[in-house]
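Visitor: The structure follows.
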Amino acid sequence: MTYSELQSLIKNYLQNTESTFVSDLPNIIKQTEDRILQAVKLPDFRKNVTGELTLGNQYLKTPSDFLDNFSLSVTNSSNQQFLLFKDVNFIREAYPNSATTSVPKHYALFDDATFIIGPTPDASYDVELHYFYKPTSITSGADSGTTWLSLNATNALLYGCLLEGYIYMKGDADMLTVYNQKYNEAIARLKNLGEGENTTDQYRDDVLKIPRT
């Protein structure tokens, strides 16, 4: 499904081509994309980046598309060592003197753009961050553009947009319930894929089975 096709479907389903509604469609779509990203962690939105910790600097910038962290490791004497994730209070209490340096062991999310490292690095270290990232919105491209969601999670994206659009229109409660139910069904299937099937293999866990009815 392309960006143009998505817009057409929203207008057709909701029977609304009013100019203000149409001009706000990009925001409605972006709200839906955010809703889906916050509801399910798909392996397709995992990313690895490399960076560097510097001597005496206990802070490390997060990538611009960062949403959540999976792991952070440092390379020490050619060995990859994973840091343990803690909160800021733990870092402050465990390493009260930021001038005391050593090989990093812990990290925490200091704010939405920075990690804090403990202890403060005693040298420059290469680091690798594995994280959950925010993909580019389908609204940022051409009308013929697509995204992973528009190609592989069509129902979740469409019904999410219909739900957001109907809320925007202040539609009646009955149809709002229908769109919400359809969206939740699509999200449940997506979670089964992204957080269930994609996290196991048949060799270790056998074929995924559902109860008989």
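By convention in this document, the chains of the structure tokens carry letters A, B, ... by their order, each chain's residues are numbered from 1, and ligands are numbered from 1 in the order they are shown.
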Within 9 Å of Tyr95 of chain A, counting only C-alpha atoms, which residues show up once you throw out same-chain ones fewer than 5 positions away? Write them as a list in words, please.
Guide: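 So the residues in contact are Phe90, Thr100, Gly118, Pro119 and Thr120 of chain A.
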Visitor: Mind dumping the selected residues with N, CA, C and O atoms as a compact mmCIF listing (two decimals), in the first residue's frame?
Guide:
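What follows is the written file part-v5.txt:
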```txt
# COMPACT_ATOMS: atom_id res chain seq x y z
N PHE A 90 21.22 4.80 40.46
CA PHE A 90 22.24 3.77 40.72
C PHE A 90 23.61 4.26 40.28
O PHE A 90 24.60 4.10 41.01
N THR A 100 36.66 9.83 39.03
CA THR A 100 37.26 8.50 39.19
C THR A 100 36.94 7.68 37.95
O THR A 100 35.78 7.45 37.62
N GLY A 118 28.84 4.48 33.82
CA GLY A 118 29.52 4.34 35.09
C GLY A 118 30.41 3.09 35.10
O GLY A 118 29.97 2.03 34.66
N PRO A 119 31.63 3.19 35.58
CA PRO A 119 32.28 4.45 35.95
C PRO A 119 32.68 5.27 34.72
O PRO A 119 32.59 4.79 33.59
N THR A 120 33.12 6.48 34.94
CA THR A 120 33.59 7.33 33.85
C THR A 120 34.73 6.63 33.12
O THR A 120 35.63 6.08 33.75
```
Visitor: Applying 10 Å and only C-alpha atoms, which residues near Thr147 of chain A remain after dropping the ones on its own chain fewer than 5 positions away? List them as a CSV table (one decimal) with N, CA, C and O atoms, in the first residue's frame.
Guide:
```csv
chain,number,residue,atom,x,y,z
A,1,MET,N,0.8,-1.2,0.0
A,1,MET,CA,0.0,0.0,0.0
A,1,MET,C,0.9,1.2,0.0
A,1,MET,O,1.7,1.4,0.9
A,2,THR,N,0.7,2.1,-1.0
A,2,THR,CA,1.4,3.3,-1.1
A,2,THR,C,0.8,4.4,-0.2
A,2,THR,O,-0.3,4.3,0.3
A,3,TYR,N,1.5,5.5,-0.1
A,3,TYR,CA,1.0,6.7,0.7
A,3,TYR,C,-0.3,7.2,0.1
A,3,TYR,O,-1.3,7.5,0.7
A,135,PRO,N,11.2,4.6,12.6
A,135,PRO,CA,11.4,4.7,11.2
A,135,PRO,C,10.8,6.0,10.6
A,135,PRO,O,10.0,6.7,11.2
A,136,THR,N,11.3,6.3,9.4
A,136,THR,CA,10.8,7.5,8.7
A,136,THR,C,9.3,7.3,8.4
A,136,THR,O,8.9,6.2,7.9
A,137,SER,N,8.5,8.3,8.6
A,137,SER,CA,7.1,8.2,8.3
A,137,SER,C,6.8,8.1,6.9
A,137,SER,O,7.5,8.7,6.0
A,138,ILE,N,5.7,7.4,6.5
A,138,ILE,CA,5.3,7.3,5.1
A,138,ILE,C,4.9,8.7,4.6
A,138,ILE,O,5.0,8.9,3.4
A,139,THR,N,4.6,9.6,5.5
A,139,THR,CA,4.2,10.9,5.0
A,139,THR,C,5.4,11.8,4.6
A,139,THR,O,5.2,12.8,4.0
A,141,GLY,N,7.6,10.9,2.4
A,141,GLY,CA,8.0,10.5,1.0
A,141,GLY,C,7.0,10.9,0.0
A,141,GLY,O,6.1,11.7,0.3
A,152,ASN,N,3.6,-4.5,5.2
A,152,ASN,CA,3.6,-5.7,6.0
A,152,ASN,C,2.6,-5.7,7.2
A,152,ASN,O,2.3,-6.7,7.8
A,153,ALA,N,2.1,-4.5,7.5
A,153,ALA,CA,1.1,-4.4,8.6
A,153,ALA,C,0.0,-3.5,8.1
A,153,ALA,O,-0.5,-2.5,8.8
```
Visitor: Set the distance at 7 Å and use only C-alpha atoms: which residues neighbour Leu53 of chain A once local chain neighbours fewer than 2 positions away are removed? I'd like the list as a ChimeraX atom specification.
Guide: /A:55,60,121,124-127
Visitor: Find the spatial neighbours of Ile116 of chain A, counting only C-alpha atoms, within a cut-off of 12 Å - ignore same-chain residues fewer than 2 positions away - and output them as number ranges by chain.
Guide: A: 53, 57-62, 72, 83-92, 95, 98, 104-114, 118-121
Visitor: Just checking: using only C-alpha atoms, which residue out of A:Lys41, A:His130, A:Arg35, A:Lys170 ends up closest to Ala156 of chain A?
Guide: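 Among A:Lys41, A:His130, A:Arg35, A:Lys170, it is A:Arg35 that comes nearest to Ala156 of chain A.
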Visitor: Would you compute the distance between atom CA of Trp148 of chain A and atom CA of Ile167 of chain A? Give it in Å to one decimal.
Guide: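 Atom CA of Ile167 of chain A lies at a distance of 25.0 Å from atom CA of Trp148 of chain A.
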